[in-house]
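Worksheet for the structure shown next.
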Amino acid sequence: MHDVLPVDQPTWDVIREAATSLAAFYRFSRIQTPVMEHISVFQKSEGEGTDLMEKEMYSLKTKGGDLLALRPEGTPPVMRAYLQHSLSRLGQPQKLFYMEPMFRHDNPQLGRYRQFTQIGFEIIGGLNDPAYDAQVILIASHLLKDSKVKGASLRINSVGCRVCRPNYKKALSAYYKNHEKELCADCQNRLKDNPLRLLDCKREQCQPFKEKAPNFLDKLCAGCMGHLKEVLEYLDEMQQPYRLDNTLVRGLDYYSRTVFEFAVEGKGSEVGALAGGGRFDYLAETMGGKPAPAIGFAASFERIADALRLQETKISPKPVRRVFVAHAGSLAKRKAFKVLESLRLSGIPAAEAMSRESLKAQLKAADKEGAVVAVIIGQKEIYEETVIVRDLTNGLQETVPAPRMLEEIRKRLKASSG
Ligand code: AMP
């Protein structure tokens with residue numbers, strides 16, 4: 001787990017702004033769920049034999065004997081909330097958006113943290129419409145571009161439905177059974193528990209088998225094939241490039257039909273997938289609700305920020321034209337304190353270095369802040385009910401009556417912007 005320091009905030013702000021403005025445009029409503037859920041929320045949805053369930057979940061037993069888990073991902077909690085609060089009644093589909101910390105007991109490495117903040121977009125309910133698959137994919141693409149990630153490419157696949165997936169699983173198991181002895185230990189287990197995950201293996205020794213494995217697309221039923229074709233047509237229409245990748249299965253059991261991931265090539269590729277998602281048409285039923293088709297994706301601030309760092313994209317704080325409030329003497333300090341508050345009430349960005357007593361040191365701080373105007377108050381100004389307004393860009397200053405201070409500041413801020 002890690003700290004997100006002040007120096008990291010400009011990058012986080014850009015990512016947050018990208019996510020929230022996409023949510024606002026596409027009409028996704030924010031949802032917040034607790035960091036902990038009953039473990040069954042994840043057990044029911046993710047399926048046995050997944051790394052998330054078996055190795056990565058932080059779980060605990062409460063004094064009352066409940067088994068809870070820190071959420072490793074957002075989709076099951078969001079679906080739990082959708083069902084529990086009958087959100088379908090508010091209109092269909094429900095478009096939901098979250099930005100929440102997730103927890104996975106993984107090996108910490110570049111792009112992989114034990115606590116990370118996921119941005120998720122989910123569309124739940126209504127029709128199983130390929131247009132929504134395409135919309136969610138485009139939102140993921142926009143999120144990365146608007147966060148200033150360069151060159152993210154899309155891989156897409158279909159993992160079928162209840163009708164065709166069992167056939168594919170059978171064909172895959174039969175194929176891998178012939179190579180069982182040559183597989184890594186993890187894959188030997190996957191062959192028993194979750195054959196689809198065989199295609200996820202990153203180990204060198206298992207790669208040759210992956211290449212010759214049966215292709216999901218050959219086993220898709222007509223419904224799933226038609227769905228995929230339509231999604232791809234929307235993407236073509238929007239000139240969103242993609243690569244069909246039959247090894248993309250995205251481990252979790254709840255996915256059906258469309259699955260996709262975005263990653264960058266070259267610099268930044270070390271972090272892995274920057275965003276990933278898919279359709280989860282059966283999750284509502286699996287969790288005990290009425291059937292509700294759904295599609296979504298998630299990405300994390302951390303992984304996007306790591307990719308930006310590797311791509312050497314520097315994000316600086318947005319420049320703000322500020323007014324610096326300076327004082328000379330202790331009485332003037334009180335007045336300056338009040339002036340700062342009046343600037344806040346007037347919506348004028350300001351700064352101060354109140355703990356510095358010398359005017360020279362304060363003006364040095366103003367320079368460091370990049371302030372464009374200073375308001376200076378000394379003994380004489382208190383007595384005369386005036387303030388000094390100094391243009392920090394050229395050093396020219398003027399004494400103005402206190403009631404005219406705001407007007408004068410606004411004039412100078414405006415002049416400095418032009
Ligand atoms: P997943 O739920 O594993 O498909 O992850 C979806 C997205 O969440 C990934 O594409 C990453 O952006 C992010 N993510 C997943 N695991 C981590 C992690 N351990 N640390 C940081 N980001 C992560």
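Chain labels A, B, ... are given in the sequence in which chains occur in the structure tokens; within each chain residues are numbered consecutively from 1, and ligands are likewise numbered from 1 in the order shown.
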| message | Among segment 214-325 of chain A, which residues does DSSP mark as strand (DSSP E or B) when it is run on the backbone? Keep the chain and numbering as in the structure and answer as a PyMOL selection string. | response | chain A and resi 243-244+256-264+275-279+294-300+323-325
| task | Dump the neighbourhood of ligand 1 as JSON, numbers by chain: all residues within 7 Å, distances computed on only C-alpha atoms and all ligand atoms. | result | {"A": [73, 104, 106, 111, 112, 113, 114, 115, 116, 118, 250, 273, 274, 275, 276, 277, 298, 299, 300, 302, 303, 304]}
Selected residues, C-alpha atoms, written as an mmCIF file, in the first residue's frame, please.
data_model
loop_
_atom_site.group_PDB
_atom_site.id
_atom_site.type_symbol
_atom_site.label_atom_id
_atom_site.label_comp_id
_atom_site.auth_asym_id
_atom_site.auth_seq_id
_atom_site.Cartn_x
_atom_site.Cartn_y
_atom_site.Cartn_z
ATOM 1 C CA GLU A 73 -12.854 -4.934 -7.336
ATOM 2 C CA ARG A 104 -5.576 -7.066 -3.525
ATOM 3 C CA ASP A 106 -0.729 -9.229 -4.817
ATOM 4 C CA GLY A 111 1.511 -0.817 -11.833
ATOM 5 C CA ARG A 112 0.469 -3.311 -9.182
ATOM 6 C CA TYR A 113 -0.337 -2.143 -5.673
ATOM 7 C CA ARG A 114 -2.104 -3.655 -2.700
ATOM 8 C CA GLN A 115 -4.368 -0.663 -2.378
ATOM 9 C CA PHE A 116 -5.274 1.137 -5.582
ATOM 10 C CA GLN A 118 -10.202 2.155 -9.463
ATOM 11 C CA ARG A 250 -10.135 -12.066 -18.350
ATOM 12 C CA ALA A 273 -3.395 -3.508 -18.955
ATOM 13 C CA LEU A 274 -4.437 0.090 -18.244
ATOM 14 C CA ALA A 275 -8.147 -0.640 -18.447
ATOM 15 C CA GLY A 276 -10.142 -3.811 -18.751
ATOM 16 C CA GLY A 277 -13.732 -4.884 -18.778
ATOM 17 C CA ALA A 298 -12.316 -0.402 -14.719
ATOM 18 C CA ALA A 299 -8.954 1.342 -14.745
ATOM 19 C CA SER A 300 -6.810 2.611 -11.900
ATOM 20 C CA GLU A 302 -2.059 4.238 -10.108
ATOM 21 C CA ARG A 303 -1.542 2.301 -13.297
ATOM 22 C CA ILE A 304 -2.349 5.273 -15.514
#
| task | as a PyMOL selection string, please: all residues of segment 69-277 of chain A that backbone DSSP puts in alpha helix (DSSP H). | result | chain A and resi 75-84+130-146+165-177+185-193+207-212+216-219+222-237
For segment 248-359 of chain A against segment 23-45 of chain A, with a cut-off of 10 Å and counting only C-alpha atoms, what is the closest atom pair and its distance in Å to one decimal for every residue that makes the cut, ordered by chain and number, as CSV?
residue,atom,partner,partner_atom,distance
A:Leu252,CA,A:Ser45,CA,8.2
A:Asp253,CA,A:Ser45,CA,7.1
A:Tyr254,CA,A:Ser45,CA,6.0
A:Tyr255,CA,A:Ser45,CA,9.7
A:Phe280,CA,A:Ser45,CA,9.9
A:Tyr282,CA,A:Ser45,CA,9.2
A:Leu283,CA,A:Ser45,CA,6.4
A:Ala284,CA,A:Ser45,CA,9.0
A:Glu285,CA,A:Ser45,CA,9.7
A:Thr286,CA,A:Ser45,CA,6.6
A:Met287,CA,A:Lys44,CA,6.3
A:Gly288,CA,A:Lys44,CA,9.3
Resulting file, chosen residues, C-alpha atoms, as an mmCIF file, in the first residue's frame:
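And here's out19.cif as it stands now:
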data_model
loop_
_atom_site.group_PDB
_atom_site.id
_atom_site.type_symbol
_atom_site.label_atom_id
_atom_site.label_comp_id
_atom_site.auth_asym_id
_atom_site.auth_seq_id
_atom_site.Cartn_x
_atom_site.Cartn_y
_atom_site.Cartn_z
ATOM 1 C CA LEU A 252 -13.317 -13.936 -13.749
ATOM 2 C CA ASP A 253 -16.240 -16.292 -14.187
ATOM 3 C CA TYR A 254 -18.859 -13.600 -14.496
ATOM 4 C CA TYR A 255 -17.849 -12.357 -17.921
ATOM 5 C CA PHE A 280 -21.481 -9.627 -17.286
ATOM 6 C CA TYR A 282 -25.375 -13.381 -15.713
ATOM 7 C CA LEU A 283 -23.996 -11.647 -12.634
ATOM 8 C CA ALA A 284 -27.347 -10.265 -11.435
ATOM 9 C CA GLU A 285 -28.882 -13.760 -11.507
ATOM 10 C CA THR A 286 -25.810 -15.383 -9.943
ATOM 11 C CA MET A 287 -26.160 -12.945 -7.055
ATOM 12 C CA GLY A 288 -29.811 -13.872 -6.572
#
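Residue nearest Leu331 of chain A, chosen from A:Gly378, A:Pro76, A:Pro403, A:Pro6 and counting only C-alpha atoms: A:Gly378.
What separates atom CA of Gln239 of chain A from atom CA of Leu310 of chain A is a distance of 27.0 Å.
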| request: Using only C-alpha atoms, determine which residues lie at most 12 Å from segment 360-370 of chain A, disregarding the query and same-chain residues fewer than 5 positions distant; provide the list as a PyMOL selection string. | output: chain A and resi 317-328+333+349-355+375-377+390-393+395
Would you write out those residues with N, CA and C atoms, as a PDB file, in the first residue's frame?
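Contents of selection24.pdb, as written:
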ATOM      1  N   PRO A 317       0.868  21.421 -12.176  1.00  0.00           N
ATOM      2  CA  PRO A 317      -0.404  21.992 -11.706  1.00  0.00           C
ATOM      3  C   PRO A 317      -0.862  23.082 -12.668  1.00  0.00           C
ATOM      4  N   LYS A 318      -2.159  23.235 -12.808  1.00  0.00           N
ATOM      5  CA  LYS A 318      -2.699  24.300 -13.677  1.00  0.00           C
ATOM      6  C   LYS A 318      -2.282  25.652 -13.114  1.00  0.00           C
ATOM      7  N   PRO A 319      -1.746  26.557 -13.933  1.00  0.00           N
ATOM      8  CA  PRO A 319      -1.376  27.861 -13.373  1.00  0.00           C
ATOM      9  C   PRO A 319      -2.623  28.643 -12.953  1.00  0.00           C
ATOM     10  N   VAL A 320      -2.551  29.223 -11.755  1.00  0.00           N
ATOM     11  CA  VAL A 320      -3.674  30.042 -11.266  1.00  0.00           C
ATOM     12  C   VAL A 320      -3.121  31.431 -10.982  1.00  0.00           C
ATOM     13  N   ARG A 321      -3.791  32.467 -11.477  1.00  0.00           N
ATOM     14  CA  ARG A 321      -3.340  33.845 -11.184  1.00  0.00           C
ATOM     15  C   ARG A 321      -3.820  34.212  -9.779  1.00  0.00           C
ATOM     16  N   ARG A 322      -2.822  34.335  -8.887  1.00  0.00           N
ATOM     17  CA  ARG A 322      -3.174  34.583  -7.485  1.00  0.00           C
ATOM     18  C   ARG A 322      -2.816  35.978  -7.011  1.00  0.00           C
ATOM     19  N   VAL A 323      -3.496  36.371  -5.948  1.00  0.00           N
ATOM     20  CA  VAL A 323      -3.169  37.625  -5.268  1.00  0.00           C
ATOM     21  C   VAL A 323      -2.434  37.258  -3.988  1.00  0.00           C
ATOM     22  N   PHE A 324      -1.288  37.885  -3.761  1.00  0.00           N
ATOM     23  CA  PHE A 324      -0.540  37.585  -2.550  1.00  0.00           C
ATOM     24  C   PHE A 324      -0.822  38.661  -1.511  1.00  0.00           C
ATOM     25  N   VAL A 325      -1.147  38.240  -0.300  1.00  0.00           N
ATOM     26  CA  VAL A 325      -1.460  39.209   0.755  1.00  0.00           C
ATOM     27  C   VAL A 325      -0.262  39.302   1.695  1.00  0.00           C
ATOM     28  N   ALA A 326       0.338  40.501   1.756  1.00  0.00           N
ATOM     29  CA  ALA A 326       1.537  40.671   2.584  1.00  0.00           C
ATOM     30  C   ALA A 326       1.295  41.742   3.649  1.00  0.00           C
ATOM     31  N   HIS A 327       2.034  41.618   4.730  1.00  0.00           N
ATOM     32  CA  HIS A 327       1.857  42.591   5.818  1.00  0.00           C
ATOM     33  C   HIS A 327       3.210  43.090   6.312  1.00  0.00           C
ATOM     34  N   ALA A 328       3.207  44.257   6.933  1.00  0.00           N
ATOM     35  CA  ALA A 328       4.419  44.765   7.591  1.00  0.00           C
ATOM     36  C   ALA A 328       4.011  45.221   8.991  1.00  0.00           C
ATOM     37  N   LYS A 333      -0.750  42.564  10.281  1.00  0.00           N
ATOM     38  CA  LYS A 333      -0.947  41.128  10.067  1.00  0.00           C
ATOM     39  C   LYS A 333      -2.411  40.756  10.274  1.00  0.00           C
ATOM     40  N   PRO A 349      -8.532  33.861  -6.137  1.00  0.00           N
ATOM     41  CA  PRO A 349      -7.483  32.986  -5.602  1.00  0.00           C
ATOM     42  C   PRO A 349      -6.379  33.798  -4.925  1.00  0.00           C
ATOM     43  N   ALA A 350      -5.961  33.378  -3.748  1.00  0.00           N
ATOM     44  CA  ALA A 350      -4.985  34.154  -2.992  1.00  0.00           C
ATOM     45  C   ALA A 350      -3.935  33.247  -2.375  1.00  0.00           C
ATOM     46  N   ALA A 351      -2.891  33.880  -1.822  1.00  0.00           N
ATOM     47  CA  ALA A 351      -1.849  33.138  -1.119  1.00  0.00           C
ATOM     48  C   ALA A 351      -1.268  34.053  -0.052  1.00  0.00           C
ATOM     49  N   GLU A 352      -0.564  33.464   0.906  1.00  0.00           N
ATOM     50  CA  GLU A 352       0.067  34.250   1.971  1.00  0.00           C
ATOM     51  C   GLU A 352       1.280  33.510   2.500  1.00  0.00           C
ATOM     52  N   ALA A 353       2.111  34.222   3.253  1.00  0.00           N
ATOM     53  CA  ALA A 353       3.203  33.580   3.994  1.00  0.00           C
ATOM     54  C   ALA A 353       3.215  34.259   5.357  1.00  0.00           C
ATOM     55  N   MET A 354       2.093  34.109   6.065  1.00  0.00           N
ATOM     56  CA  MET A 354       1.858  34.891   7.284  1.00  0.00           C
ATOM     57  C   MET A 354       2.934  34.731   8.338  1.00  0.00           C
ATOM     58  N   SER A 355       3.557  33.537   8.386  1.00  0.00           N
ATOM     59  CA  SER A 355       4.517  33.313   9.470  1.00  0.00           C
ATOM     60  C   SER A 355       5.831  34.033   9.203  1.00  0.00           C
ATOM     61  N   VAL A 375      -1.169  42.462  -2.413  1.00  0.00           N
ATOM     62  CA  VAL A 375      -1.801  43.506  -1.608  1.00  0.00           C
ATOM     63  C   VAL A 375      -0.908  43.658  -0.387  1.00  0.00           C
ATOM     64  N   ILE A 376      -0.388  44.856  -0.167  1.00  0.00           N
ATOM     65  CA  ILE A 376       0.533  45.045   0.960  1.00  0.00           C
ATOM     66  C   ILE A 376      -0.101  46.006   1.967  1.00  0.00           C
ATOM     67  N   ILE A 377      -0.056  45.586   3.225  1.00  0.00           N
ATOM     68  CA  ILE A 377      -0.657  46.417   4.272  1.00  0.00           C
ATOM     69  C   ILE A 377       0.399  46.683   5.351  1.00  0.00           C
ATOM     70  N   ARG A 390       0.290  46.026  -5.622  1.00  0.00           N
ATOM     71  CA  ARG A 390       1.503  46.015  -6.436  1.00  0.00           C
ATOM     72  C   ARG A 390       1.370  44.983  -7.560  1.00  0.00           C
ATOM     73  N   ASP A 391       1.682  45.445  -8.774  1.00  0.00           N
ATOM     74  CA  ASP A 391       1.693  44.551  -9.924  1.00  0.00           C
ATOM     75  C   ASP A 391       3.030  43.801  -9.888  1.00  0.00           C
ATOM     76  N   LEU A 392       2.996  42.496  -9.617  1.00  0.00           N
ATOM     77  CA  LEU A 392       4.250  41.761  -9.430  1.00  0.00           C
ATOM     78  C   LEU A 392       4.948  41.465 -10.753  1.00  0.00           C
ATOM     79  N   THR A 393       4.254  41.688 -11.856  1.00  0.00           N
ATOM     80  CA  THR A 393       4.901  41.417 -13.141  1.00  0.00           C
ATOM     81  C   THR A 393       5.842  42.558 -13.526  1.00  0.00           C
ATOM     82  N   GLY A 395       6.416  45.367 -11.007  1.00  0.00           N
ATOM     83  CA  GLY A 395       6.860  46.053  -9.792  1.00  0.00           C
ATOM     84  C   GLY A 395       6.161  47.391  -9.535  1.00  0.00           C
TER      85      GLY A 395
END
| Contacts of Pro10 of chain A at 10 Å or less, counting only C-alpha atoms, minus same-chain residues fewer than 5 places along, as a PyMOL selection string? | chain A and resi 15-16+314-318
| said: Under the rule that only C-alpha atoms are counted, which of A:Ala18, A:Ala374, A:Leu127, A:Leu220 is the nearest residue to Cys161 of chain A? | reply: A:Leu220
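Atom CA of Asp281 of chain A is positioned 8.5 Å from atom CA of Arg257 of chain A.
With only C-alpha atoms as the atoms that count, the residue of A:Leu198, A:Leu248, A:Val372, A:Leu406 with the shortest distance to Val387 of chain A is A:Leu406.
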| Residues within 10 Å of segment 174-181 of chain A, only C-alpha atoms, excluding chain neighbours under 6 positions, as a list of chain:residue names | A:Tyr168, A:Cys187, A:Gln188, A:Asn189, A:Leu191, A:Lys192, A:Pro195, A:Leu198, A:Cys206, A:Phe209, A:Lys210, A:Lys212, A:Ala213, A:Pro214
With C-alpha atoms retained, write the just-selected residues as a CSV table (one decimal), in the first residue's frame.
chain,number,residue,atom,x,y,z
A,168,TYR,CA,-15.3,-24.1,-26.0
A,187,CYS,CA,-1.7,-24.3,-15.5
A,188,GLN,CA,-2.0,-27.9,-14.4
A,189,ASN,CA,-4.3,-26.7,-11.7
A,191,LEU,CA,-6.8,-27.3,-16.3
A,192,LYS,CA,-8.8,-28.8,-13.5
A,195,PRO,CA,-9.5,-24.1,-18.2
A,198,LEU,CA,-5.0,-21.4,-19.3
A,206,CYS,CA,3.2,-22.3,-21.7
A,209,PHE,CA,0.4,-24.1,-26.5
A,210,LYS,CA,-1.5,-20.9,-26.3
A,212,LYS,CA,-2.2,-23.3,-31.2
A,213,ALA,CA,-5.1,-23.5,-28.8
A,214,PRO,CA,-8.7,-23.7,-30.2
Mind dumping a table of every segment 118-190 of chain A residue within 12 Å of segment 78-87 of chain A, with the nearest atom pair and its distance in Å to one decimal, using only C-alpha atoms, sorted by chain and rising number, as JSON lines?
{"residue": "A:Gly120", "atom": "CA", "partner": "A:Val78", "partner_atom": "CA", "distance": 9.8}
{"residue": "A:Phe121", "atom": "CA", "partner": "A:Val78", "partner_atom": "CA", "distance": 10.1}
{"residue": "A:Glu122", "atom": "CA", "partner": "A:Val78", "partner_atom": "CA", "distance": 8.4}
{"residue": "A:Ile123", "atom": "CA", "partner": "A:Met79", "partner_atom": "CA", "distance": 10.2}
{"residue": "A:Ile124", "atom": "CA", "partner": "A:Met79", "partner_atom": "CA", "distance": 8.1}
{"residue": "A:Gly125", "atom": "CA", "partner": "A:Leu87", "partner_atom": "CA", "distance": 9.3}
{"residue": "A:Gly126", "atom": "CA", "partner": "A:Leu87", "partner_atom": "CA", "distance": 11.8}
May I have the residues from that selection written out with all heavy atoms, as a PDB file, in the first residue's frame?
ATOM      1  N   GLY A 120     -14.446   3.073 -12.279  1.00  0.00           N
ATOM      2  CA  GLY A 120     -15.249   2.065 -12.973  1.00  0.00           C
ATOM      3  C   GLY A 120     -16.504   2.668 -13.581  1.00  0.00           C
ATOM      4  O   GLY A 120     -17.101   3.594 -13.019  1.00  0.00           O
ATOM      5  N   PHE A 121     -16.877   2.177 -14.736  1.00  0.00           N
ATOM      6  CA  PHE A 121     -18.120   2.568 -15.405  1.00  0.00           C
ATOM      7  C   PHE A 121     -18.911   1.293 -15.653  1.00  0.00           C
ATOM      8  O   PHE A 121     -18.364   0.354 -16.243  1.00  0.00           O
ATOM      9  CB  PHE A 121     -17.825   3.238 -16.767  1.00  0.00           C
ATOM     10  CG  PHE A 121     -17.295   4.641 -16.677  1.00  0.00           C
ATOM     11  CD1 PHE A 121     -15.969   4.878 -16.353  1.00  0.00           C
ATOM     12  CD2 PHE A 121     -18.118   5.728 -16.940  1.00  0.00           C
ATOM     13  CE1 PHE A 121     -15.470   6.178 -16.273  1.00  0.00           C
ATOM     14  CE2 PHE A 121     -17.628   7.032 -16.869  1.00  0.00           C
ATOM     15  CZ  PHE A 121     -16.311   7.255 -16.534  1.00  0.00           C
ATOM     16  N   GLU A 122     -20.151   1.229 -15.194  1.00  0.00           N
ATOM     17  CA  GLU A 122     -20.962   0.020 -15.419  1.00  0.00           C
ATOM     18  C   GLU A 122     -22.334   0.434 -15.947  1.00  0.00           C
ATOM     19  O   GLU A 122     -22.930   1.397 -15.467  1.00  0.00           O
ATOM     20  CB  GLU A 122     -21.192  -0.769 -14.115  1.00  0.00           C
ATOM     21  CG  GLU A 122     -20.019  -0.853 -13.147  1.00  0.00           C
ATOM     22  CD  GLU A 122     -19.079  -2.016 -13.399  1.00  0.00           C
ATOM     23  OE1 GLU A 122     -19.078  -2.566 -14.526  1.00  0.00           O
ATOM     24  OE2 GLU A 122     -18.328  -2.355 -12.467  1.00  0.00           O
ATOM     25  N   ILE A 123     -22.825  -0.316 -16.939  1.00  0.00           N
ATOM     26  CA  ILE A 123     -24.200  -0.107 -17.427  1.00  0.00           C
ATOM     27  C   ILE A 123     -24.968  -1.378 -17.102  1.00  0.00           C
ATOM     28  O   ILE A 123     -24.605  -2.458 -17.574  1.00  0.00           O
ATOM     29  CB  ILE A 123     -24.227   0.161 -18.951  1.00  0.00           C
ATOM     30  CG1 ILE A 123     -23.342   1.369 -19.294  1.00  0.00           C
ATOM     31  CG2 ILE A 123     -25.658   0.379 -19.433  1.00  0.00           C
ATOM     32  CD1 ILE A 123     -23.314   1.738 -20.780  1.00  0.00           C
ATOM     33  N   ILE A 124     -25.983  -1.261 -16.254  1.00  0.00           N
ATOM     34  CA  ILE A 124     -26.702  -2.449 -15.791  1.00  0.00           C
ATOM     35  C   ILE A 124     -28.184  -2.324 -16.118  1.00  0.00           C
ATOM     36  O   ILE A 124     -28.799  -1.279 -15.891  1.00  0.00           O
ATOM     37  CB  ILE A 124     -26.540  -2.637 -14.257  1.00  0.00           C
ATOM     38  CG1 ILE A 124     -25.050  -2.596 -13.868  1.00  0.00           C
ATOM     39  CG2 ILE A 124     -27.161  -3.954 -13.813  1.00  0.00           C
ATOM     40  CD1 ILE A 124     -24.785  -2.742 -12.376  1.00  0.00           C
ATOM     41  N   GLY A 125     -28.756  -3.436 -16.645  1.00  0.00           N
ATOM     42  CA  GLY A 125     -30.199  -3.479 -16.915  1.00  0.00           C
ATOM     43  C   GLY A 125     -30.520  -3.064 -18.343  1.00  0.00           C
ATOM     44  O   GLY A 125     -29.636  -2.741 -19.131  1.00  0.00           O
ATOM     45  N   GLY A 126     -31.806  -3.094 -18.655  1.00  0.00           N
ATOM     46  CA  GLY A 126     -32.222  -2.739 -20.019  1.00  0.00           C
ATOM     47  C   GLY A 126     -31.943  -3.888 -20.968  1.00  0.00           C
ATOM     48  O   GLY A 126     -32.068  -5.053 -20.611  1.00  0.00           O
TER      49      GLY A 126
END
| query | Suppose you want the space between atom CA of Ala415 of chain A and atom CA of Glu341 of chain A; what is it in Å? | reply | 23.2 Å
